[in-house]
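Here is coords01.cif, consisting of mmCIF, C-alpha atoms and all ligand atoms:
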```
data_coords
#
loop_
_atom_site.label_atom_id
_atom_site.label_comp_id
_atom_site.auth_asym_id
_atom_site.auth_seq_id
_atom_site.Cartn_x
_atom_site.Cartn_y
_atom_site.Cartn_z
CA MET E 144 15.45 178.95 77.92
CA ALA E 145 16.73 182.17 79.46
CA ALA E 146 14.27 185.05 79.34
CA ASP E 147 15.25 188.53 78.19
CA LEU E 148 15.29 190.29 81.57
CA ARG E 149 16.36 193.72 80.37
CA THR E 150 14.39 196.59 81.85
CA ARG E 151 14.47 200.37 82.00
CA LEU E 152 15.24 202.62 84.94
CA GLY E 153 13.84 205.76 83.32
CA HIS E 154 15.91 206.08 80.14
CA VAL E 155 18.72 203.89 81.53
CA GLU E 156 18.72 200.24 80.46
CA LEU E 157 19.49 197.64 83.15
CA PRO E 158 20.48 194.04 82.29
CA ASN E 159 17.92 192.67 84.74
CA PRO E 160 15.31 193.97 87.22
CA ILE E 161 16.75 192.76 90.55
CA LEU E 162 18.12 195.53 92.77
CA THR E 163 19.08 195.71 96.42
CA ALA E 164 16.70 197.67 98.63
CA SER E 165 18.10 200.78 100.25
CA GLY E 166 19.32 200.26 103.79
CA CYS E 167 19.87 196.52 103.67
CA ALA E 168 23.43 196.39 102.31
CA ALA E 169 25.01 199.83 103.00
CA ALA E 170 26.86 200.68 99.75
CA GLY E 171 27.23 197.07 98.62
CA ARG E 172 30.61 196.15 100.18
CA GLU E 173 29.13 193.55 102.53
CA LEU E 174 27.55 191.70 99.62
CA ALA E 175 30.63 191.59 97.40
CA GLN E 176 32.05 188.65 99.37
CA PHE E 177 28.96 186.60 98.46
CA PHE E 178 28.44 187.40 94.76
CA ASP E 179 29.60 189.61 91.92
CA ILE E 180 27.55 192.74 92.56
CA SER E 181 27.72 193.77 88.90
CA ARG E 182 25.47 190.76 88.08
CA ILE E 183 22.32 192.36 89.48
CA GLY E 184 20.48 195.31 87.98
CA ALA E 185 21.83 197.83 90.49
CA ILE E 186 22.88 198.42 94.06
CA VAL E 187 20.55 200.89 95.78
CA THR E 188 22.61 202.46 98.55
CA LYS E 189 21.62 203.21 102.12
CA SER E 190 20.13 206.72 102.12
CA VAL E 191 22.93 209.26 102.29
CA MET E 192 22.49 212.62 103.99
CA LEU E 193 24.60 215.77 103.83
CA ALA E 194 26.32 215.25 107.20
CA PRO E 195 27.57 212.06 108.88
CA ARG E 196 24.98 210.74 111.27
CA SER E 197 25.00 208.14 114.02
CA GLY E 198 21.27 207.43 113.94
CA ARG E 199 18.97 206.46 116.76
CA PRO E 200 20.01 204.80 120.03
CA THR E 201 20.05 201.00 120.31
CA PRO E 202 18.24 198.60 120.30
CA ARG E 203 17.35 199.51 116.75
CA MET E 204 16.04 196.22 115.41
CA ALA E 205 13.36 193.76 116.51
CA GLU E 206 12.05 190.58 114.97
CA THR E 207 8.31 190.34 114.38
CA PRO E 208 6.09 187.60 112.94
CA SER E 209 7.07 187.37 109.24
CA GLY E 210 8.99 190.60 109.44
CA MET E 211 11.41 192.93 111.11
CA LEU E 212 11.17 196.32 112.72
CA ASN E 213 14.02 198.80 112.29
CA SER E 214 14.66 202.13 113.89
CA ILE E 215 18.06 202.98 112.44
CA GLY E 216 17.48 206.71 112.07
CA LEU E 217 19.38 207.22 108.81
CA GLN E 218 22.83 206.38 110.13
CA GLY E 219 25.45 207.09 107.48
CA PRO E 220 28.82 208.56 106.55
CA GLY E 221 27.50 211.75 104.92
CA ILE E 222 27.85 212.79 101.31
CA ASP E 223 31.57 213.69 101.40
CA ALA E 224 32.69 210.25 102.59
CA PHE E 225 30.18 208.60 100.29
CA LEU E 226 31.59 210.37 97.25
CA GLN E 227 35.21 209.78 98.25
CA ARG E 228 34.92 206.15 99.31
CA ASP E 229 31.69 204.34 98.46
CA LEU E 230 30.77 205.55 94.99
CA PRO E 231 34.26 204.99 93.48
CA TRP E 232 34.30 201.52 95.08
CA LEU E 233 30.95 200.63 93.47
CA LEU E 234 32.24 201.83 90.10
CA SER E 235 35.46 199.85 90.50
CA ARG E 236 33.31 196.73 90.89
CA GLY E 237 31.34 197.46 87.73
CA ALA E 238 28.13 197.89 89.74
CA ARG E 239 25.39 200.29 88.75
CA ALA E 240 24.77 202.71 91.62
CA VAL E 241 21.32 203.99 92.47
CA VAL E 242 22.02 206.50 95.23
CA SER E 243 19.32 206.95 97.83
CA ILE E 244 19.25 210.41 99.41
CA ALA E 245 17.48 211.75 102.50
CA GLY E 246 17.24 215.22 103.98
CA GLY E 247 15.54 217.14 106.73
CA THR E 248 14.65 220.06 104.45
CA VAL E 249 13.97 220.64 100.77
CA ALA E 250 17.25 222.57 100.52
CA GLU E 251 19.20 219.56 101.83
CA TYR E 252 17.71 217.28 99.20
CA ALA E 253 18.54 219.85 96.52
CA GLU E 254 22.15 220.12 97.72
CA LEU E 255 22.53 216.34 97.67
CA ALA E 256 21.24 216.22 94.10
CA THR E 257 23.78 218.84 93.07
CA ARG E 258 26.67 217.00 94.74
CA LEU E 259 25.71 213.70 93.10
CA SER E 260 25.35 215.36 89.69
CA ASP E 261 28.92 216.61 89.90
CA ALA E 262 30.15 213.06 90.51
CA ALA E 263 30.79 210.35 87.93
CA GLY E 264 28.92 207.08 87.95
CA VAL E 265 25.52 207.79 89.46
CA THR E 266 23.04 205.58 87.58
CA ALA E 267 19.97 207.09 89.28
CA ILE E 268 18.85 208.91 92.41
CA GLU E 269 16.19 207.44 94.70
CA VAL E 270 14.72 210.23 96.79
CA ASN E 271 13.81 208.82 100.18
CA ILE E 272 10.97 211.03 101.36
CA SER E 273 9.39 208.27 103.43
CA CYS E 274 11.75 207.21 106.24
CA PRO E 275 9.47 206.60 109.24
CA ASN E 276 12.32 207.01 111.75
CA VAL E 277 12.50 210.79 111.89
CA GLU E 278 11.81 213.20 114.71
CA HIS E 279 8.42 214.39 113.51
CA ARG E 280 5.84 212.95 111.13
CA GLY E 281 5.99 216.39 109.46
CA GLN E 282 9.44 215.38 108.15
CA VAL E 283 7.91 212.44 106.29
CA PHE E 284 7.44 214.45 103.11
CA ALA E 285 5.77 211.46 101.41
CA CYS E 286 2.76 211.81 103.75
CA ASP E 287 1.67 214.99 102.00
CA PRO E 288 1.40 215.38 98.19
CA ALA E 289 2.42 219.05 98.21
CA ALA E 290 5.47 218.48 100.43
CA ALA E 291 6.50 215.45 98.37
CA ALA E 292 6.20 217.48 95.17
CA GLU E 293 8.32 220.27 96.59
CA VAL E 294 11.19 217.87 97.29
CA LEU E 295 10.95 216.16 93.92
CA GLU E 296 10.82 219.43 92.04
CA ALA E 297 13.95 220.64 93.84
CA VAL E 298 15.84 217.40 93.21
CA ARG E 299 14.77 217.12 89.56
CA SER E 300 15.80 220.70 88.85
CA ARG E 301 19.25 220.20 90.43
CA ALA E 302 19.99 216.66 89.27
CA ARG E 303 21.87 216.28 85.97
CA TYR E 304 19.39 215.76 83.13
CA ASP E 305 20.68 212.24 82.35
CA ILE E 306 20.23 210.94 85.91
CA PRO E 307 16.75 209.45 86.46
CA VAL E 308 15.10 210.54 89.70
CA PHE E 309 12.81 208.13 91.55
CA ALA E 310 10.63 209.05 94.54
CA LYS E 311 10.36 206.49 97.34
CA LEU E 312 6.88 206.57 98.83
CA SER E 313 5.30 205.50 102.10
CA PRO E 314 2.35 203.11 102.36
CA ASP E 315 1.29 204.95 105.54
CA VAL E 316 -1.05 207.31 103.69
CA THR E 317 -4.72 207.28 102.83
CA ASP E 318 -4.15 207.83 99.11
CA ILE E 319 -0.76 206.77 97.74
CA VAL E 320 -1.91 207.53 94.19
CA ALA E 321 -2.31 211.22 95.07
CA VAL E 322 1.28 211.33 96.36
CA ALA E 323 2.55 209.42 93.32
CA LYS E 324 0.80 211.81 90.93
CA ALA E 325 2.20 214.84 92.77
CA CYS E 326 5.76 213.46 92.51
CA VAL E 327 5.44 212.67 88.82
CA SER E 328 3.93 216.10 88.08
CA ALA E 329 6.90 217.60 89.91
CA GLY E 330 9.33 215.80 87.60
CA ALA E 331 9.98 212.36 89.12
CA ASP E 332 11.00 209.90 86.40
CA GLY E 333 9.78 206.92 88.40
CA LEU E 334 8.54 205.68 91.76
CA SER E 335 9.87 203.28 94.38
CA LEU E 336 7.06 201.47 96.20
CA ILE E 337 7.10 200.95 99.16
CA ASN E 338 9.07 202.02 102.23
CA THR E 339 8.39 200.32 105.57
CA LEU E 340 5.19 200.70 107.58
CA LEU E 341 5.36 202.41 110.94
CA GLY E 342 5.10 199.78 113.68
CA MET E 343 5.87 198.99 117.30
CA VAL E 344 6.76 196.01 119.50
CA ILE E 345 6.39 195.92 123.29
CA ASP E 346 8.44 193.47 125.38
CA THR E 347 5.95 191.86 127.73
CA ASP E 348 8.71 191.03 130.27
CA THR E 349 10.04 194.57 130.61
CA MET E 350 6.61 195.93 129.69
CA ARG E 351 8.33 198.61 127.59
CA PRO E 352 8.87 199.18 123.86
CA VAL E 353 11.65 196.95 122.50
CA LEU E 354 13.13 199.68 120.30
CA ALA E 355 14.90 202.57 121.98
CA GLY E 356 13.25 204.81 119.42
CA GLU E 357 9.90 203.21 120.41
CA THR E 358 8.51 203.00 116.87
CA GLY E 359 10.18 201.59 113.78
CA GLY E 360 9.66 200.59 110.17
CA LEU E 361 8.13 197.16 109.49
CA SER E 362 9.59 195.20 106.57
CA GLY E 363 9.67 191.58 105.41
CA PRO E 364 7.06 189.15 104.06
CA ALA E 365 4.34 190.56 106.34
CA ILE E 366 4.17 193.71 104.20
CA ARG E 367 4.32 192.15 100.73
CA PRO E 368 0.54 192.25 100.10
CA VAL E 369 0.57 195.95 101.05
CA ALA E 370 3.38 196.56 98.56
CA VAL E 371 1.58 194.64 95.81
CA ARG E 372 -1.57 196.68 96.47
CA CYS E 373 0.33 199.98 96.27
CA ILE E 374 2.12 198.97 93.05
CA TRP E 375 -1.19 197.88 91.57
CA GLN E 376 -2.97 201.14 92.44
CA VAL E 377 -0.17 203.36 91.18
CA ARG E 378 0.30 201.35 87.96
CA ALA E 379 -3.45 201.62 87.27
CA ALA E 380 -3.36 205.39 87.71
CA LEU E 381 0.02 206.07 86.04
CA PRO E 382 0.59 203.23 83.57
CA GLY E 383 3.58 204.84 81.83
CA VAL E 384 5.62 205.55 84.95
CA PRO E 385 8.37 203.04 85.84
CA ILE E 386 8.03 201.45 89.27
CA ILE E 387 10.64 199.79 91.47
CA GLY E 388 8.65 197.40 93.64
CA MET E 389 9.82 196.32 97.09
CA GLY E 390 8.53 194.97 100.37
CA GLY E 391 9.06 191.41 101.60
CA VAL E 392 10.34 189.83 98.40
CA ARG E 393 12.03 186.50 99.25
CA THR E 394 11.75 184.44 96.05
CA GLY E 395 11.64 184.79 92.29
CA ARG E 396 7.92 184.12 92.48
CA ASP E 397 7.47 187.05 94.89
CA ALA E 398 9.36 189.27 92.42
CA PHE E 399 7.18 187.97 89.57
CA GLU E 400 4.06 188.91 91.56
CA MET E 401 5.27 192.51 91.84
CA ILE E 402 6.08 192.58 88.12
CA LEU E 403 2.57 191.38 87.29
CA ALA E 404 1.21 194.19 89.50
CA GLY E 405 3.21 196.75 87.50
CA ALA E 406 6.80 196.95 88.75
CA SER E 407 9.51 196.84 86.09
CA MET E 408 12.23 196.45 88.73
CA VAL E 409 12.20 194.76 92.14
CA SER E 410 14.35 195.63 95.15
CA VAL E 411 15.31 192.91 97.60
CA GLY E 412 15.79 193.92 101.22
CA THR E 413 15.09 192.17 104.53
CA VAL E 414 15.82 188.67 103.20
CA ILE E 415 19.44 189.75 102.63
CA PHE E 416 20.01 189.72 106.40
CA HIS E 417 19.75 185.93 106.55
CA ASP E 418 20.55 185.11 102.93
CA PRO E 419 23.18 187.56 101.65
CA SER E 420 23.16 185.90 98.20
CA ALA E 421 19.38 186.37 97.89
CA CYS E 422 19.59 188.84 94.99
CA VAL E 423 21.32 186.40 92.62
CA ARG E 424 19.13 183.51 93.77
CA ILE E 425 15.98 185.56 93.18
CA LEU E 426 17.31 186.61 89.77
CA ARG E 427 17.79 182.95 88.81
CA GLU E 428 14.38 182.00 90.20
CA LEU E 429 12.66 184.84 88.35
CA ASP E 430 14.22 183.66 85.11
CA GLU E 431 12.89 180.16 85.84
CA GLU E 432 9.40 181.50 86.67
CA LEU E 433 9.28 183.26 83.29
CA SER E 434 10.79 180.39 81.33
CA GLN E 435 8.40 177.82 82.86
CA ARG E 436 5.52 179.93 81.59
CA GLY E 437 7.01 180.34 78.12
CA ILE E 438 7.53 184.05 78.67
CA GLU E 439 10.44 185.27 76.56
CA ARG E 440 10.63 188.90 77.64
CA LEU E 441 10.17 190.41 81.08
CA ALA E 442 8.84 193.58 79.43
CA ASP E 443 5.82 191.63 78.10
CA VAL E 444 4.48 190.84 81.57
CA VAL E 445 5.04 194.10 83.47
CA GLY E 446 1.57 195.00 84.75
CA LEU E 447 -0.03 192.00 83.01
CA ALA E 448 -2.35 191.34 85.96
CA HIS E 449 -4.26 194.50 85.01
CA GLU E 450 -5.41 193.00 81.72
CA PRO E 451 -8.85 191.38 81.63
CA ARG E 452 -8.55 187.61 82.11
CA THR E 453 -9.91 186.82 78.64
CA ALA E 454 -7.83 189.33 76.65
CA PRO E 455 -5.05 187.95 74.41
CA ARG E 456 -1.64 188.58 76.00
CA ARG E 457 0.70 190.45 73.67
CA GLY E 458 3.93 188.57 73.23
CA LEU E 459 2.57 185.40 74.83
CA ALA E 460 0.37 184.05 72.02
CA GLY E 461 0.97 180.35 71.41
CA THR E 462 3.14 180.02 74.50
CA ALA E 463 2.64 177.70 77.43
CA ALA E 464 1.70 180.76 79.46
CA ALA E 465 -1.05 181.66 77.02
CA ARG E 466 -2.37 178.10 76.98
CA ARG E 467 -2.55 177.99 80.77
CA MET E 468 -4.51 181.22 80.96
CA PRO E 469 -8.23 180.78 81.60
C1 LIG K 1 16.33 204.29 108.82
O1 LIG K 1 17.52 204.54 108.60
O2 LIG K 1 15.78 204.61 109.88
C2 LIG K 1 15.50 203.57 107.79
C3 LIG K 1 15.40 204.36 106.55
C4 LIG K 1 14.09 204.24 105.86
O3 LIG K 1 13.26 203.39 106.19
O4 LIG K 1 13.83 205.00 104.94
#
```
What does this structure look like when you write it as structure tokens?
Ligand code: SIN
Amino acid sequence: MAADLRTRLGHVELPNPILTASGCAAAGRELAQFFDISRIGAIVTKSVMLAPRSGRPTPRMAETPSGMLNSIGLQGPGIDAFLQRDLPWLLSRGARAVVSIAGGTVAEYAELATRLSDAAGVTAIEVNISCPNVEHRGQVFACDPAAAAEVLEAVRSRARYDIPVFAKLSPDVTDIVAVAKACVSAGADGLSLINTLLGMVIDTDTMRPVLAGETGGLSGPAIRPVAVRCIWQVRAALPGVPIIGMGGVRTGRDAFEMILAGASMVSVGTVIFHDPSACVRILRELDEELSQRGIERLADVVGLAHEPRTAPRRGLAGTAAARRMP
């Protein structure tokens, strides 16, 4: 049996919930040699800024136990090259393009939203307000509900009405629900949870930080429980708001865990570096996870872990999944 994996990115329907995570596959070109990129729900691009940017000095990556630290510093071609080269290429491949944007000021985010709204083929905008690799923590808008809301309000008011706007949040806060609520009140159509956690590695031979930028963002399996916790908390507080879950997903079962916590889409990131076909594998595995449990529709199990253990599961009655439930 193949499950019905359709899901909604705001008001946009996607054929399935597996997306790339921003920053792990540029604008999708690298992956096209491994699989048909139109098969997955969407390609989420590397965050694009107004101007081209070379990013932080090298070394910019370090392996860690069950994870990876990056200190890229938002390297990218800038919005002009992105619109001329990358977006048309994604469209020519039949891929759905979720464009991640990043800025140093509210005005920059607003300008990016305007430029993307004038272009054809933007499926959604993911507003990256949580990159840890910026000059000052004050530029991590997602660390403060009011600053986050200011960015989202500016983007929502400048983005074309039919383009859903998602806010990408940081787990490095005391109360992620407060930030999520502020973004949604400011007009965000959905939330992307989570960006990397700020971390550091010191080389005990050189006795200095491994990364030239000293600190970096931790991703990979080590952060998955943090991501699941954030998705869970935000889903409990804002049950109607669509969530893209991400953080250390390696298998269909990992994706299923995030869906049970409340994500209706799942982005796949760090695993792509050693398994570039991971998105299609995880899509197949997720289908198998659902089918093995007799679950016919993905939509029936989004956030299911929040239901009391004894409650009847809507859409699962009489299924193997229902029989297995305690
Ligand atoms: C980077 O380019 O430094 C990573 C971007 C991010 O984590 O948001």
Taking a cut-off of 6 Å and counting only C-alpha atoms and all ligand atoms, can you build a table that, for each residue of chain E near ligand LIG 1 (chain K), reports the nearest atom pair and how far apart they are in Å (one decimal), sorted by chain then residue number, as a Markdown table?
```
| residue | atom | partner | partner_atom | distance |
| --- | --- | --- | --- | --- |
| E:Ser214 | CA | K:LIG1 | O2 | 4.8 |
| E:Ile215 | CA | K:LIG1 | O2 | 3.8 |
| E:Gly216 | CA | K:LIG1 | O2 | 3.5 |
| E:Leu217 | CA | K:LIG1 | O1 | 3.3 |
| E:Gln218 | CA | K:LIG1 | O1 | 5.8 |
| E:Ser273 | CA | K:LIG1 | O4 | 5.7 |
| E:Cys274 | CA | K:LIG1 | O4 | 3.3 |
| E:Pro275 | CA | K:LIG1 | O3 | 5.8 |
| E:Asn276 | CA | K:LIG1 | O2 | 4.6 |
| E:Asn338 | CA | K:LIG1 | O3 | 5.9 |
| E:Thr339 | CA | K:LIG1 | O3 | 5.8 |
```
Give me, as a tab-separated table, each residue of region 195-252 of chain E that comes within 8 Å of region 285-297 of chain E, together with its shortest interatomic pair and the distance in Å at one decimal, counting only C-alpha atoms, with rows ordered by chain and rising residue number.
```
residue	atom	partner	partner_atom	distance
E:Val249	CA	E:Val294	CA	5.2
E:Ala250	CA	E:Ala297	CA	7.7
E:Tyr252	CA	E:Val294	CA	6.8
```
Open item on the list: When you count all atoms listed in the file, which of these residues is closest to Glu278 (chain E): E:Ser181, E:Thr317, E:Thr358, E:Thr413?
Closed with: E:Thr358
Task: Contact residues around region 191-199 of chain E with only C-alpha atoms at 8 Å, ignoring same-chain residues under 5 positions, as a VMD selection string - done: chain E and resid 214 to 223 225 242 to 246 251 254 to 255 355 to 356
Residues as selected, C-alpha atoms, written as a PDB file, in the coordinates of the input, can you do that?
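Contents of part-v9.pdb, freshly written:
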```pdb
ATOM      1  CA  SER E 214      14.660 202.130 113.890  1.00  0.00           C
ATOM      2  CA  ILE E 215      18.060 202.980 112.440  1.00  0.00           C
ATOM      3  CA  GLY E 216      17.480 206.710 112.070  1.00  0.00           C
ATOM      4  CA  LEU E 217      19.380 207.220 108.810  1.00  0.00           C
ATOM      5  CA  GLN E 218      22.830 206.380 110.130  1.00  0.00           C
ATOM      6  CA  GLY E 219      25.450 207.090 107.480  1.00  0.00           C
ATOM      7  CA  PRO E 220      28.820 208.560 106.550  1.00  0.00           C
ATOM      8  CA  GLY E 221      27.500 211.750 104.920  1.00  0.00           C
ATOM      9  CA  ILE E 222      27.850 212.790 101.310  1.00  0.00           C
ATOM     10  CA  ASP E 223      31.570 213.690 101.400  1.00  0.00           C
ATOM     11  CA  PHE E 225      30.180 208.600 100.290  1.00  0.00           C
ATOM     12  CA  VAL E 242      22.020 206.500  95.230  1.00  0.00           C
ATOM     13  CA  SER E 243      19.320 206.950  97.830  1.00  0.00           C
ATOM     14  CA  ILE E 244      19.250 210.410  99.410  1.00  0.00           C
ATOM     15  CA  ALA E 245      17.480 211.750 102.500  1.00  0.00           C
ATOM     16  CA  GLY E 246      17.240 215.220 103.980  1.00  0.00           C
ATOM     17  CA  GLU E 251      19.200 219.560 101.830  1.00  0.00           C
ATOM     18  CA  GLU E 254      22.150 220.120  97.720  1.00  0.00           C
ATOM     19  CA  LEU E 255      22.530 216.340  97.670  1.00  0.00           C
ATOM     20  CA  ALA E 355      14.900 202.570 121.980  1.00  0.00           C
ATOM     21  CA  GLY E 356      13.250 204.810 119.420  1.00  0.00           C
TER      22      GLY E 356
END
```
Show me, as a tab-separated table, the residues of region 229-324 of chain E having an atom within 8 Å of region 373-382 of chain E, each with the closest atom pair and its distance in Å, using only C-alpha atoms.
```
residue	atom	partner	partner_atom	distance
E:Pro314	CA	E:Cys373	CA	7.1
E:Ile319	CA	E:Cys373	CA	7.0
E:Val320	CA	E:Val377	CA	5.4
E:Ala323	CA	E:Val377	CA	7.0
E:Lys324	CA	E:Leu381	CA	7.6
```
Go ahead and dump the residues you just picked, C-alpha atoms, as a PDB file, keeping the file's coordinate frame.
```
ATOM      1  CA  PRO E 314       2.350 203.110 102.360  1.00  0.00           C
ATOM      2  CA  ILE E 319      -0.760 206.770  97.740  1.00  0.00           C
ATOM      3  CA  VAL E 320      -1.910 207.530  94.190  1.00  0.00           C
ATOM      4  CA  ALA E 323       2.550 209.420  93.320  1.00  0.00           C
ATOM      5  CA  LYS E 324       0.800 211.810  90.930  1.00  0.00           C
TER       6      LYS E 324
END
```
- [ ] For CA of Leu403 (chain E) and CA of His449 (chain E), determine how far apart the two atoms are, in Å to one decimal place.
- [x]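 Result for CA of Leu403 (chain E) versus CA of His449 (chain E): 7.8 Å, one decimal.
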Open item on the list: Just checking: using all atoms listed in the file, which residue out of E:Asp318, E:Glu428, E:Asp305, E:Asp418 ends up closest to Thr394 (chain E)?
Closed with: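 The shortest atom-to-atom distance to Thr394 (chain E) comes from E:Glu428.
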- [ ] Take CA of Leu234 (chain E) and CA of Ala262 (chain E) and report the distance between them in Å, one decimal.
- [x] 11.4 Å
Task: Distance criterion (all atoms listed in the file): nearest to Arg393 (chain E) out of E:Ser209, E:Gln176, E:Ser313, E:Asn271 - done: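 Closest residue, counting all atoms listed in the file: E:Ser209.
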- [ ] Might you pull out every residue within 9 Å of Gly395 (chain E), with only C-alpha atoms counted and same-chain residues fewer than 6 positions away left off, and present them as JSON, numbers by chain?
- [x] {"E": [424, 425, 426, 427, 428, 429, 430, 431, 432]}
